[in-house]
Structures are given as structure tokens and as C-alpha cells.
>>> print(open('query_39.cif').read())   # mmCIF, C-alpha atoms
data_upload
#
loop_
_atom_site.label_atom_id
_atom_site.label_comp_id
_atom_site.auth_asym_id
_atom_site.auth_seq_id
_atom_site.Cartn_x
_atom_site.Cartn_y
_atom_site.Cartn_z
CA GLY A 1 37.63 -102.65 50.72
CA GLN A 2 34.34 -100.81 51.41
CA LYS A 3 34.10 -102.45 54.86
CA ASP A 4 30.96 -104.32 53.85
CA TYR A 5 32.16 -107.35 55.78
CA VAL A 6 28.93 -109.39 55.75
CA ILE A 7 28.70 -109.45 51.96
CA ALA A 8 32.46 -109.94 51.66
CA ALA A 9 32.34 -112.96 53.98
CA GLU A 10 29.59 -114.53 51.87
CA SER A 11 31.65 -114.07 48.71
CA PHE A 12 34.85 -115.47 50.22
CA GLY A 13 32.82 -118.41 51.58
CA LYS A 14 31.43 -119.10 48.09
CA TYR A 15 34.94 -119.02 46.65
CA LEU A 16 36.13 -121.63 49.18
CA SER A 17 33.15 -123.93 48.53
CA THR A 18 33.50 -123.58 44.76
CA PHE A 19 37.30 -123.79 44.55
CA PRO A 20 38.47 -125.75 47.63
CA SER A 21 41.90 -126.23 46.03
CA GLY A 22 42.05 -122.87 44.27
CA ALA A 23 45.13 -120.66 44.09
CA HIS A 24 43.56 -118.10 46.42
CA VAL A 25 42.40 -120.39 49.24
CA ALA A 26 44.92 -119.01 51.76
CA GLU A 27 43.89 -115.46 50.93
CA ALA A 28 40.19 -116.28 51.12
CA LEU A 29 40.64 -117.92 54.52
CA PHE A 30 42.61 -114.93 55.79
CA ARG A 31 40.06 -112.44 54.42
CA LEU A 32 37.26 -114.40 56.08
CA GLY A 33 39.16 -114.12 59.34
CA GLU A 34 39.47 -110.37 58.77
CA CYS A 35 35.76 -110.05 58.02
CA TYR A 36 34.81 -111.73 61.29
CA ARG A 37 37.46 -109.85 63.29
CA ASN A 38 36.19 -106.52 62.02
CA GLN A 39 32.70 -107.54 63.08
CA GLY A 40 34.00 -108.36 66.59
CA ARG A 41 33.36 -112.08 66.09
CA MET A 42 36.76 -113.33 67.27
CA PRO A 43 35.94 -117.06 67.72
CA GLU A 44 34.96 -117.31 64.02
CA ALA A 45 37.96 -115.19 63.00
CA GLU A 46 40.31 -117.39 65.03
CA ARG A 47 39.05 -120.49 63.23
CA TYR A 48 40.06 -119.14 59.81
CA TYR A 49 43.37 -117.69 61.00
CA ARG A 50 44.28 -121.10 62.42
CA GLU A 51 43.46 -122.77 59.12
CA VAL A 52 45.85 -120.43 57.33
CA VAL A 53 48.66 -121.12 59.81
CA ASP A 54 48.06 -124.87 59.98
CA ARG A 55 47.40 -125.61 56.28
CA HIS A 56 49.06 -122.73 54.45
CA ALA A 57 52.08 -121.86 56.58
CA LYS A 58 54.15 -120.96 53.51
CA SER A 59 51.65 -118.45 52.15
CA GLU A 60 52.12 -114.70 52.44
CA PHE A 61 49.02 -114.55 54.68
CA SER A 62 50.33 -116.86 57.37
CA ALA A 63 52.34 -114.15 59.14
CA ASN A 64 49.37 -111.82 59.67
CA SER A 65 47.14 -114.74 60.63
CA ALA A 66 49.67 -115.80 63.27
CA TYR A 67 49.85 -112.21 64.52
CA TRP A 68 46.13 -112.10 65.22
CA LEU A 69 46.22 -115.55 66.80
CA GLY A 70 48.93 -114.16 69.06
CA VAL A 71 46.66 -111.26 70.00
CA VAL A 72 43.77 -113.64 70.76
CA SER A 73 46.01 -115.86 72.90
CA PHE A 74 47.54 -112.88 74.74
CA ASN A 75 44.11 -111.46 75.57
CA ALA A 76 43.07 -114.89 76.84
CA ASN A 77 46.16 -114.92 79.13
CA ASP A 78 47.62 -117.88 77.21
CA TYR A 79 51.04 -116.28 77.01
CA LYS A 80 52.89 -119.41 75.94
CA ALA A 81 50.70 -119.75 72.84
CA ALA A 82 50.94 -115.99 72.24
CA ALA A 83 54.75 -116.13 72.26
CA THR A 84 54.66 -119.04 69.79
CA PHE A 85 52.31 -117.26 67.37
CA PHE A 86 54.17 -113.93 67.55
CA GLY A 87 57.43 -115.81 67.01
CA PHE A 88 55.94 -117.50 63.93
CA CYS A 89 54.80 -114.13 62.62
CA GLU A 90 58.21 -112.55 63.23
CA GLY A 91 59.89 -115.34 61.29
CA LYS A 92 57.48 -115.23 58.35
CA ALA A 93 56.72 -111.50 58.03
CA THR A 94 58.29 -109.58 55.16
CA VAL A 95 57.04 -106.15 56.26
CA ALA A 96 59.44 -104.55 58.75
CA LYS A 97 56.72 -102.96 60.90
CA VAL A 98 54.86 -106.26 61.25
CA LYS A 99 58.13 -107.99 62.15
CA LEU A 100 58.88 -105.40 64.84
CA ALA A 101 55.34 -105.55 66.25
CA ALA A 102 55.49 -109.34 66.48
CA ALA A 103 58.92 -109.27 68.16
CA PHE A 104 57.76 -106.69 70.70
CA TYR A 105 54.56 -108.50 71.64
CA LYS A 106 56.47 -111.79 71.83
CA SER A 107 58.68 -110.10 74.43
CA GLU A 108 55.56 -108.93 76.28
CA ALA A 109 54.26 -112.51 76.38
CA TYR A 110 57.57 -113.73 77.83
CA GLY A 111 57.42 -110.85 80.30
CA GLN A 112 54.02 -112.02 81.50
CA MET A 113 55.53 -115.49 81.99
CA LYS A 114 58.36 -113.91 84.05
CA ASP A 115 60.89 -115.38 81.60
CA ARG A 116 63.15 -112.33 81.52
CA LYS A 117 65.92 -114.07 79.60
CA LYS A 118 63.65 -114.77 76.62
CA GLN A 119 61.94 -111.41 77.06
CA LEU A 120 65.25 -109.53 76.73
CA ALA A 121 66.33 -111.73 73.80
CA ALA A 122 63.09 -110.86 71.98
CA LEU A 123 63.56 -107.16 72.73
CA ALA A 124 67.10 -107.16 71.32
CA SER A 125 65.89 -107.21 67.70
CA VAL A 126 63.43 -104.40 68.41
CA LEU A 127 66.12 -102.23 70.03
CA GLU A 128 68.44 -102.72 67.05
CA ALA A 129 66.03 -100.90 64.71
CA LYS A 130 66.68 -97.22 65.44
CA LYS A 131 64.70 -95.79 62.49
CA ASP A 132 61.01 -96.10 61.61
CA ASN A 133 60.42 -98.10 64.77
CA ASP A 134 57.13 -97.36 66.50
CA PHE A 135 58.07 -99.77 69.29
CA LEU A 136 61.51 -98.40 70.17
CA GLU A 137 60.37 -96.40 73.22
CA LYS A 138 58.18 -99.21 74.53
CA ALA A 139 61.01 -101.68 74.01
CA LEU A 140 63.48 -99.46 75.88
CA LEU A 141 61.05 -99.14 78.78
CA SER A 142 60.31 -102.88 78.82
CA ALA A 143 64.00 -103.78 78.67
CA ALA A 144 64.86 -101.31 81.43
CA THR A 145 62.02 -102.66 83.58
CA ALA A 146 63.21 -106.24 83.04
CA TYR A 147 66.81 -105.34 83.89
CA GLN A 148 65.61 -103.46 86.97
CA ALA A 149 63.55 -106.45 88.13
CA ASP A 150 66.67 -108.61 87.68
CA GLY A 151 68.70 -106.22 89.82
CA GLN A 152 70.77 -105.09 86.84
CA ASN A 153 70.37 -101.39 87.56
CA ALA A 154 73.58 -100.48 85.71
CA LYS A 155 71.94 -101.62 82.45
CA ALA A 156 68.49 -100.24 83.25
CA LEU A 157 69.45 -96.70 84.30
CA PRO A 158 71.00 -95.48 80.97
CA MET A 159 67.93 -96.70 79.07
CA LEU A 160 65.59 -94.87 81.42
CA LEU A 161 67.62 -91.65 81.27
CA GLU A 162 67.58 -91.86 77.47
CA LEU A 163 63.79 -92.14 77.49
CA ILE A 164 63.44 -89.19 79.84
CA ASP A 165 65.42 -87.00 77.44
CA THR A 166 64.07 -88.24 74.11
CA SER A 167 60.50 -89.46 74.54
CA LYS A 168 57.63 -87.21 73.50
CA ASP A 169 55.11 -89.42 75.30
CA ALA A 170 54.27 -87.96 78.72
CA ALA A 171 53.33 -91.35 80.17
CA VAL A 172 56.60 -92.92 79.00
CA GLN A 173 58.60 -89.96 80.33
CA GLY A 174 56.85 -90.17 83.69
CA ASP A 175 57.26 -93.93 83.99
CA ALA A 176 60.95 -93.71 83.05
CA ALA A 177 61.58 -90.89 85.55
CA LEU A 178 59.81 -92.84 88.29
CA LYS A 179 61.78 -96.03 87.65
CA ALA A 180 65.08 -94.12 87.37
CA ALA A 181 64.31 -92.34 90.64
CA LEU A 182 63.79 -95.68 92.39
CA ILE A 183 67.16 -96.90 91.11
CA GLN A 184 68.91 -93.72 92.28
CA SER A 185 67.24 -94.15 95.65
CA GLU A 186 68.55 -97.74 95.89
CA LEU A 187 72.01 -96.45 94.94
CA LYS A 188 71.82 -94.05 97.92
CA LYS A 189 71.79 -90.97 95.72
CA PRO A 190 68.97 -88.99 97.37
CA GLU A 191 69.51 -85.72 95.48
CA GLU A 192 69.40 -87.40 92.06
CA ALA A 193 66.42 -89.49 93.17
CA ALA A 194 64.54 -86.42 94.44
CA LYS A 195 65.09 -84.57 91.14
CA LEU A 196 63.72 -87.51 89.15
CA PHE A 197 60.75 -88.00 91.48
CA ASP A 198 60.03 -84.27 91.15
CA ARG A 199 60.26 -84.51 87.35
CA ALA A 200 57.70 -87.31 87.31
CA LEU A 201 55.50 -85.43 89.78
CA THR A 202 55.50 -82.17 87.81
CA ASN A 203 54.74 -83.94 84.52
CA SER A 204 51.13 -82.76 84.37
CA ALA A 205 50.39 -84.85 81.29
CA ALA A 206 51.44 -88.08 83.01
CA PRO A 207 48.77 -90.41 84.47
CA GLN A 208 47.53 -89.62 87.99
CA GLU A 209 48.81 -92.94 89.35
CA GLN A 210 52.35 -92.18 88.14
CA ARG A 211 52.35 -88.73 89.65
CA GLY A 212 50.96 -90.10 92.90
CA ALA A 213 53.72 -92.71 93.13
CA ALA A 214 56.30 -90.00 92.37
CA LEU A 215 54.87 -87.85 95.20
CA VAL A 216 55.33 -90.72 97.66
CA GLY A 217 58.90 -91.24 96.44
CA LEU A 218 59.79 -87.56 96.68
CA ILE A 219 58.35 -87.19 100.18
CA GLY A 220 60.26 -90.32 101.21
CA GLU A 221 63.56 -88.91 99.95
CA LEU A 222 62.98 -85.55 101.65
CA TYR A 223 62.09 -87.33 104.88
CA SER A 224 65.25 -89.46 104.74
CA ARG A 225 67.23 -86.20 104.50
CA LYS A 226 65.35 -84.92 107.58
CA ASP A 227 64.11 -81.94 105.58
CA TYR A 228 60.81 -81.87 107.45
CA ASP A 229 59.79 -78.42 106.20
CA ALA A 230 60.13 -79.63 102.60
CA VAL A 231 58.14 -82.79 103.40
CA VAL A 232 55.21 -80.79 104.72
CA ASP A 233 55.43 -78.18 101.97
CA THR A 234 55.54 -80.81 99.19
CA TYR A 235 52.56 -82.62 100.68
CA ASN A 236 50.52 -79.41 101.00
CA ARG A 237 51.36 -78.20 97.48
CA ASN A 238 50.24 -81.49 95.96
CA SER A 239 47.08 -82.02 97.96
CA THR A 240 45.10 -82.90 94.81
CA THR A 241 47.56 -85.61 93.73
CA LEU A 242 46.34 -88.93 95.06
CA PRO A 243 48.87 -91.79 95.32
CA PRO A 244 47.82 -95.41 94.72
CA PRO A 245 46.04 -96.83 97.82
CA GLU A 246 48.88 -99.22 98.67
CA LEU A 247 51.36 -96.31 98.86
CA ARG A 248 49.17 -93.79 100.68
CA PRO A 249 49.78 -94.97 104.27
CA ARG A 250 53.57 -94.67 103.87
CA MET A 251 53.26 -91.11 102.57
CA LEU A 252 50.89 -90.11 105.38
CA MET A 253 53.30 -91.62 107.91
CA HIS A 254 56.24 -89.58 106.56
CA VAL A 255 54.21 -86.36 106.66
CA ALA A 256 52.80 -87.09 110.12
CA ASN A 257 56.29 -87.86 111.45
CA ALA A 258 57.59 -84.64 109.90
CA GLN A 259 54.84 -82.64 111.62
CA ARG A 260 55.69 -84.40 114.89
CA MET A 261 59.39 -83.57 114.51
CA LYS A 262 58.33 -79.95 113.93
CA THR A 263 56.30 -80.22 117.18
CA ASN A 264 53.08 -79.59 115.26
CA TYR A 265 51.45 -82.30 117.36
CA GLN A 266 47.82 -81.61 116.53
CA ARG A 267 48.49 -81.75 112.77
CA ALA A 268 50.45 -84.95 113.27
CA ILE A 269 47.54 -86.45 115.23
CA ASP A 270 45.14 -85.75 112.35
CA LEU A 271 47.43 -87.54 109.89
CA TYR A 272 48.02 -90.53 112.16
CA GLU A 273 44.26 -90.77 112.62
CA MET A 274 43.79 -90.89 108.83
CA ILE A 275 46.04 -93.97 108.68
CA ARG A 276 44.16 -95.63 111.54
CA GLN A 277 40.74 -94.80 110.11
CA TYR A 278 41.23 -95.50 106.41
CA PHE A 279 43.89 -98.23 106.56
CA PRO A 280 43.15 -100.14 109.80
CA ASP A 281 44.63 -103.41 108.52
CA HIS A 282 47.84 -101.88 107.18
CA GLU A 283 51.11 -102.74 108.92
CA LEU A 284 51.61 -99.03 109.69
CA SER A 285 48.32 -98.73 111.57
CA PHE A 286 49.91 -99.91 114.84
CA GLU A 287 52.81 -97.46 114.47
CA ALA A 288 50.38 -94.63 113.67
CA ALA A 289 48.33 -95.48 116.78
CA TYR A 290 51.44 -95.29 118.95
CA TRP A 291 52.72 -91.97 117.61
CA ARG A 292 49.23 -90.49 117.84
CA LEU A 293 49.29 -91.47 121.52
CA PHE A 294 52.75 -89.94 121.89
CA CYS A 295 51.51 -86.62 120.44
CA PHE A 296 48.61 -86.50 122.89
CA TYR A 297 51.11 -87.18 125.68
CA GLN A 298 53.28 -84.28 124.52
CA LEU A 299 50.21 -82.06 124.55
CA ASP A 300 49.54 -83.18 128.15
CA ASP A 301 46.03 -84.15 127.14
CA ARG A 302 43.88 -85.07 130.13
CA ARG A 303 42.61 -88.17 128.27
CA VAL A 304 46.08 -89.74 127.94
CA ALA A 305 45.54 -92.37 130.67
CA ASP A 306 42.34 -93.62 129.02
CA MET A 307 43.97 -93.53 125.58
CA VAL A 308 46.93 -95.60 126.73
CA SER A 309 44.58 -98.12 128.32
CA ALA A 310 42.64 -98.41 125.05
CA PHE A 311 45.91 -98.74 123.10
CA LEU A 312 47.17 -101.53 125.38
CA GLN A 313 43.83 -103.29 125.24
CA GLN A 314 43.90 -103.24 121.42
CA TYR A 315 47.56 -104.11 120.84
CA GLY A 316 48.87 -105.49 124.14
CA THR A 317 48.44 -109.12 123.04
CA SER A 318 49.06 -108.99 119.28
CA GLN A 319 52.14 -106.76 119.68
CA LYS A 320 53.37 -108.21 122.94
CA GLY A 321 57.09 -107.55 123.38
CA HIS A 322 57.18 -104.57 120.98
CA GLU A 323 59.04 -101.54 122.34
CA PHE A 324 55.98 -99.36 121.68
CA ILE A 325 53.94 -101.39 124.18
CA ASN A 326 56.56 -100.89 126.87
CA THR A 327 56.92 -97.19 126.03
CA ALA A 328 53.14 -96.73 126.19
CA ARG A 329 53.22 -98.12 129.72
CA LEU A 330 56.05 -95.70 130.49
CA MET A 331 53.91 -92.85 129.16
CA ILE A 332 51.00 -93.60 131.48
CA ALA A 333 53.38 -94.02 134.42
CA ASP A 334 55.04 -90.67 133.72
CA TYR A 335 51.63 -89.08 133.20
CA HIS A 336 50.47 -90.15 136.68
CA PHE A 337 53.84 -89.21 138.18
CA ASN A 338 53.63 -85.69 136.75
CA LYS A 339 50.09 -85.40 138.13
CA GLN A 340 51.42 -86.61 141.53
CA ASN A 341 49.08 -89.62 141.43
CA TYR A 342 51.85 -91.73 143.00
CA ALA A 343 49.84 -94.85 143.81
CA LEU A 344 48.58 -95.13 140.21
CA ALA A 345 52.06 -94.29 138.91
CA ALA A 346 53.64 -97.01 141.07
CA ASP A 347 51.26 -99.63 139.62
CA ALA A 348 52.03 -98.37 136.08
CA TYR A 349 55.81 -98.49 136.65
CA ALA A 350 55.48 -102.05 137.96
CA ALA A 351 54.18 -103.18 134.55
CA ILE A 352 57.22 -101.80 132.69
CA ASP A 353 60.03 -104.10 131.54
CA MET A 354 63.06 -102.06 132.60
CA LYS A 355 65.38 -104.04 130.32
CA LYS A 356 63.48 -102.68 127.30
CA VAL A 357 63.60 -99.05 128.41
CA GLN A 358 66.12 -97.05 126.35
CA ASP A 359 69.46 -96.49 128.09
CA ARG A 360 69.01 -92.71 128.20
CA PHE A 361 65.68 -93.06 130.03
CA ARG A 362 66.41 -96.02 132.31
CA ALA A 363 68.03 -94.11 135.22
CA SER A 364 65.27 -91.50 135.43
CA THR A 365 62.59 -94.19 135.07
CA LEU A 366 64.04 -96.21 137.97
CA PHE A 367 64.34 -93.05 140.05
CA HIS A 368 60.71 -92.09 139.39
CA LYS A 369 59.58 -95.63 140.09
CA GLY A 370 61.38 -95.57 143.47
CA TRP A 371 59.92 -92.15 144.27
CA CYS A 372 56.38 -93.33 143.55
CA GLU A 373 56.80 -96.52 145.60
CA ALA A 374 58.15 -94.48 148.53
CA GLU A 375 55.19 -92.06 148.27
CA ALA A 376 52.82 -95.03 148.01
CA GLY A 377 54.28 -96.57 151.19
CA LYS A 378 56.10 -99.40 149.42
CA HIS A 379 59.39 -98.68 151.24
CA ALA A 380 61.00 -102.07 150.72
#
>>> encode(input="query_39.cif", output="C-alpha cells")
Amino acid sequence: GQKDYVIAAESFGKYLSTFPSGAHVAEALFRLGECYRNQGRMPEAERYYREVVDRHAKSEFSANSAYWLGVVSFNANDYKAAATFFGFCEGKATVAKVKLAAAFYKSEAYGQMKDRKKQLAALASVLEAKKDNDFLEKALLSAATAYQADGQNAKALPMLLELIDTSKDAAVQGDAALKAALIQSELKKPEEAAKLFDRALTNSAAPQEQRGAALVGLIGELYSRKDYDAVVDTYNRNSTTLPPPELRPRMLMHVANAQRMKTNYQRAIDLYEMIRQYFPDHELSFEAAYWRLFCFYQLDDRRVADMVSAFLQQYGTSQKGHEFINTARLMIADYHFNKQNYALAADAYAAIDMKKVQDRFRASTLFHKGWCEAEAGKHA
């Protein structure tokens, strides 16, 4: 009781050696486990907890011993054993809070094993307890997440909306708003999704990673609505909010595309360059390289011909057949045509696959190609 665990352990050890069949053996074993656990000596603690569970399963100390064995197993990533121990604890515990804790962490173990059926079954008993339940919010969030992963959005959404309105935990509120926003986005409800993404984003007490993910979601919804001014404004106003690395390229692409649609080509170039420089292996790097090239072309930059050559050298083989490769060749052909370099333009037009040129550009492209060939003396 005074937290003098070394002396306590010695005394409990003496009791066990003196009275190996005494009435308090189960308690002594459990207290020894507690002494070692409180000293951070989990292997020794685990040994005594196991003895209680294995040899004194009917004692009042078996439930708490099983609980801590569940914790040890969970931390060791042995989720099957953790689920077994937490289940044992839930069945034996007489204290409601211990019972709820065991049920919740049993569900977490099943969740780690991707066994959503057993996870949701374990959560059911936690969700039933509406009063004096420290795990109710976590259980709602876990259940909603499991339903969402199973594609059961109709069951997940009401739980998430309830958490948004009732939770006093900023992290829980933010996570619920983010997950609900993703569901609304899947349901093709962009306005509702944008409101929820914005709620998660403006939750200043929520973790940075949550707010960053919400920023990416909000920008994505605004971009899908072609509200390019709002995309740029939202990005600029939240310049200090950093999304997770795996989401950053997508956000930068939306903002760069918005700047391009607003004909702010130089700003778009800077953003495309960020994707190319910081995420060279990302799937969007190729797309960013192409649109960066397109912006330089729109600016009539004198380096366009060299840039297109470099682009084709880098991606011509790996992305062979992609429309961007063909369009890049069209860019360099048009560039030379506009500069009246007809011989160079004719060679560039010859490399273009006319079948892959968009219908609205094909007639003018063929006309320009013929013009260049005529000027270059290729009359046939």
C-alpha cells in the first residue's frame, strides 16, 4: 500500500514458501505480479499472473491477472492470446469497469487480427452500457471504423455523427468528423463532406495529422466542385497545416491544377515542381512533370523545346503510349510551328500518333503538319 514493492515482494515470497497451500496463495501470487509490474519487470510479473490464471482460475484475482496478461500479449503483438486473456477477464470480472475494459480491449485485439465480425460482437456489450462507461466513445469510434471498413456506411455514419455532437475529446471529434466526411464524399454529397472536413480542419485541439488529412479532403471536395478560388484560398490560409506525407502530393496536385485553371501558370509550375522534387517516386510525379511542361508552353517559354526533349527522354519509354507523351510531342511541334521553324516542326509532327490526338485538335494538327511539310519541301 505504501508502494514499497521490493519489501512487499520479499514478504509475499516468504508467505508462498512458508504456506504453499495457504488460503491466500492466489492473492500472494497476484500481489507478487503487481509488485514486479510496478517495478517495470514485466517478465517476472507475467510469470505470477500466469500462475494465478492456470492454478487459481476460480479465485477473485484471476480476472485482473488475465487482464494484465492480455496487456502483455497485446503489446507483444500476440493478438490471439490477448483476445483469449481479455475474454477470460471479461467472463470472470465482477467489477463493471474491469469488465468493460476487458471487452473493449478484446475487440481491439480482434480488430488487429482483421476479424471484424468478432470485433463488432465484442463491442456490442460495451455499447450497451450507456452510463459510467469510460470506453463508450472509443467503442463507438471503433465500431464505426469497423463498419466503414466493411462498407457498411449506413451503420457507421450515425455513430460518427453522434460522436461529433457529444464527444468532449478533440481527437475523437476530429477523427469522427474526418471519417464521416469520407463517407459523405463516397455518397457523392460534396457539400456535407466539405462541412465535415472543415470541422475537422478547424478543430485546433485535434492532432496535426488529423487536421492535415482533413485539409486534403476539403481541398479535394472544393476541386471536384471546380471552385478553384476556394481551393487556392483554403491552401493559403492553412499553410502551416502539414498533411501526412502520403497525402501531400494529391493536395499539391489539386492546388497546382487550380492555379493552372486560373491561368496562374507560374504559381502552378512552382507547385508541380514541389511534387517532382520531393516526391519523385510518387505516381503523380509523371503527371506533375507533364502539367509543368504545359504551363511553360502556355507562357511561351523559350526553353520549351529543350524541356519537352528532357521530358520525353525521361518518360518516353516507361510511359510509352500515354496520351501525355503524344501531347508533349504535339507541344514541341506547335512550338516550332509558331516560331516558323517549319523543318523542325515537320519532324516533330511526324512523331505524333494522330489517332491519339483529341478529336477537337486533330483537324488543326493535320493542317499544321501539312503546312510544315509543304514549307519544308515535302510536297508529296
>>> atom_distance(input="query_39.cif", atom1="atom CA of A:Tyr349", atom2="atom CA of A:Arg260")
25.9 Å
>>> residues_around(input="query_39.cif", residues="stretch 229-236 of chain A", least_positions_apart="4", cutoff="10 Å", atoms="all atoms listed in the file", output="MDAnalysis selection string")
chainID A and resid 198 215:216 218:225 240:241 251:252 254:259 261:262
>>> residues_around(input="query_39.cif", residues="stretch 113-118 of chain A", least_positions_apart="5", cutoff="9 Å", atoms="all atoms listed in the file", output="list in words")
Tyr79, Lys80, Ser107, Glu108, Leu123, Ala146, Tyr147, Ala149 and Asp150 of chain A
>>> atom_distance(input="query_39.cif", atom1="atom CA of A:Ala206", atom2="atom CA of A:Ala170")
5.1 Å
>>> atom_distance(input="query_39.cif", atom1="atom CA of A:Met159", atom2="atom CA of A:Leu141")
7.3 Å
>>> resolve_selection(input="query_39.cif", expression="the PyMOL selection byres ((chain A and resi 315) around 12)", output="PDB file with C-alpha atoms, in the frame of the given file")
ATOM      1  CA  SER A 285      48.320 -98.730 111.570  1.00  0.00           C
ATOM      2  CA  PHE A 286      49.910 -99.910 114.840  1.00  0.00           C
ATOM      3  CA  GLU A 287      52.810 -97.460 114.470  1.00  0.00           C
ATOM      4  CA  ALA A 289      48.330 -95.480 116.780  1.00  0.00           C
ATOM      5  CA  TYR A 290      51.440 -95.290 118.950  1.00  0.00           C
ATOM      6  CA  VAL A 308      46.930 -95.600 126.730  1.00  0.00           C
ATOM      7  CA  SER A 309      44.580 -98.120 128.320  1.00  0.00           C
ATOM      8  CA  ALA A 310      42.640 -98.410 125.050  1.00  0.00           C
ATOM      9  CA  PHE A 311      45.910 -98.740 123.100  1.00  0.00           C
ATOM     10  CA  LEU A 312      47.170-101.530 125.380  1.00  0.00           C
ATOM     11  CA  GLN A 313      43.830-103.290 125.240  1.00  0.00           C
ATOM     12  CA  GLN A 314      43.900-103.240 121.420  1.00  0.00           C
ATOM     13  CA  GLY A 316      48.870-105.490 124.140  1.00  0.00           C
ATOM     14  CA  THR A 317      48.440-109.120 123.040  1.00  0.00           C
ATOM     15  CA  SER A 318      49.060-108.990 119.280  1.00  0.00           C
ATOM     16  CA  GLN A 319      52.140-106.760 119.680  1.00  0.00           C
ATOM     17  CA  LYS A 320      53.370-108.210 122.940  1.00  0.00           C
ATOM     18  CA  GLY A 321      57.090-107.550 123.380  1.00  0.00           C
ATOM     19  CA  HIS A 322      57.180-104.570 120.980  1.00  0.00           C
ATOM     20  CA  GLU A 323      59.040-101.540 122.340  1.00  0.00           C
ATOM     21  CA  PHE A 324      55.980 -99.360 121.680  1.00  0.00           C
ATOM     22  CA  ILE A 325      53.940-101.390 124.180  1.00  0.00           C
ATOM     23  CA  ASN A 326      56.560-100.890 126.870  1.00  0.00           C
ATOM     24  CA  ALA A 328      53.140 -96.730 126.190  1.00  0.00           C
TER      25      ALA A 328
END
>>> residues_around(input="query_39.cif", residues="A:His336", least_positions_apart="2", cutoff="12 Å", atoms="only C-alpha atoms", output="PyMOL selection string")
chain A and resi 297+300+302-306+308+329-334+338-349+368-369+372
>>> residues_near_point(input="query_39.cif", point="(52.6, -112.0, 65.6)", cutoff="10 Å", atoms="only C-alpha atoms", output="ChimeraX atom specification")
/A:62-71,82-93,98-106
>>> residues_around(input="query_39.cif", residues="stretch 3-14 of chain A", least_positions_apart="2", cutoff="10 Å", atoms="only C-alpha atoms", output="ChimeraX atom specification")
/A:1,16-20,24-25,27-39
>>> residues_around(input="query_39.cif", residues="A:Lys195", least_positions_apart="5", cutoff="9 Å", atoms="all atoms listed in the file", output="list in words")
Ala181, Pro190, Ala200 and Leu218 of chain A
>>> closest_residue(input="query_39.cif", among="A:Gln148, A:Lys378, A:Lys188, A:Ser142", to="A:Val172", atoms="all atoms listed in the file")
A:Ser142
>>> resolve_selection(input="query_39.cif", expression="the PyMOL selection byres ((chain A and resi 178) around 7)", output="VMD selection string")
chain A and resid 174 to 177 179 to 182 196 to 197 200 214
>>> build_atoms(input="query_39.cif", residues="stretch 231-237 of chain A", atoms="all heavy atoms", output="compact mmCIF listing (two decimals), in the frame of the given file")
# COMPACT_ATOMS: atom_id res chain seq x y z
N VAL A 231 59.13 -81.70 103.41
CA VAL A 231 58.14 -82.79 103.40
C VAL A 231 56.73 -82.22 103.51
O VAL A 231 55.85 -82.54 102.71
CB VAL A 231 58.40 -83.78 104.57
CG1 VAL A 231 57.21 -84.73 104.74
CG2 VAL A 231 59.67 -84.57 104.32
N VAL A 232 56.54 -81.37 104.49
CA VAL A 232 55.21 -80.79 104.72
C VAL A 232 54.80 -79.89 103.57
O VAL A 232 53.65 -79.95 103.09
CB VAL A 232 55.20 -80.00 106.05
CG1 VAL A 232 53.87 -79.25 106.23
CG2 VAL A 232 55.45 -80.94 107.22
N ASP A 233 55.74 -79.09 103.07
CA ASP A 233 55.43 -78.18 101.97
C ASP A 233 55.06 -78.94 100.70
O ASP A 233 54.09 -78.59 100.02
CB ASP A 233 56.64 -77.28 101.70
CG ASP A 233 56.38 -76.31 100.56
OD1 ASP A 233 55.44 -75.49 100.67
OD2 ASP A 233 57.10 -76.37 99.54
N THR A 234 55.82 -80.00 100.39
CA THR A 234 55.54 -80.81 99.19
C THR A 234 54.17 -81.47 99.30
O THR A 234 53.41 -81.52 98.33
CB THR A 234 56.64 -81.88 99.01
OG1 THR A 234 57.91 -81.23 98.88
CG2 THR A 234 56.38 -82.72 97.78
N TYR A 235 53.86 -81.98 100.47
CA TYR A 235 52.56 -82.62 100.68
C TYR A 235 51.42 -81.61 100.50
O TYR A 235 50.43 -81.88 99.81
CB TYR A 235 52.51 -83.22 102.09
CG TYR A 235 51.16 -83.78 102.49
CD1 TYR A 235 50.70 -84.98 101.95
CD2 TYR A 235 50.35 -83.11 103.41
CE1 TYR A 235 49.47 -85.50 102.32
CE2 TYR A 235 49.12 -83.63 103.79
CZ TYR A 235 48.69 -84.82 103.24
OH TYR A 235 47.46 -85.34 103.60
N ASN A 236 51.57 -80.43 101.08
CA ASN A 236 50.52 -79.41 101.00
C ASN A 236 50.34 -78.90 99.58
O ASN A 236 49.21 -78.64 99.13
CB ASN A 236 50.84 -78.24 101.94
CG ASN A 236 50.69 -78.63 103.40
OD1 ASN A 236 49.98 -79.57 103.73
ND2 ASN A 236 51.39 -77.92 104.28
N ARG A 237 51.45 -78.74 98.85
CA ARG A 237 51.36 -78.20 97.48
C ARG A 237 50.75 -79.19 96.51
O ARG A 237 50.30 -78.81 95.42
CB ARG A 237 52.76 -77.80 96.98
CG ARG A 237 53.26 -76.47 97.55
CD ARG A 237 54.52 -75.98 96.86
NE ARG A 237 55.66 -76.86 97.09
CZ ARG A 237 56.16 -77.69 96.21
NH1 ARG A 237 55.60 -77.81 95.00
NH2 ARG A 237 57.20 -78.46 96.49
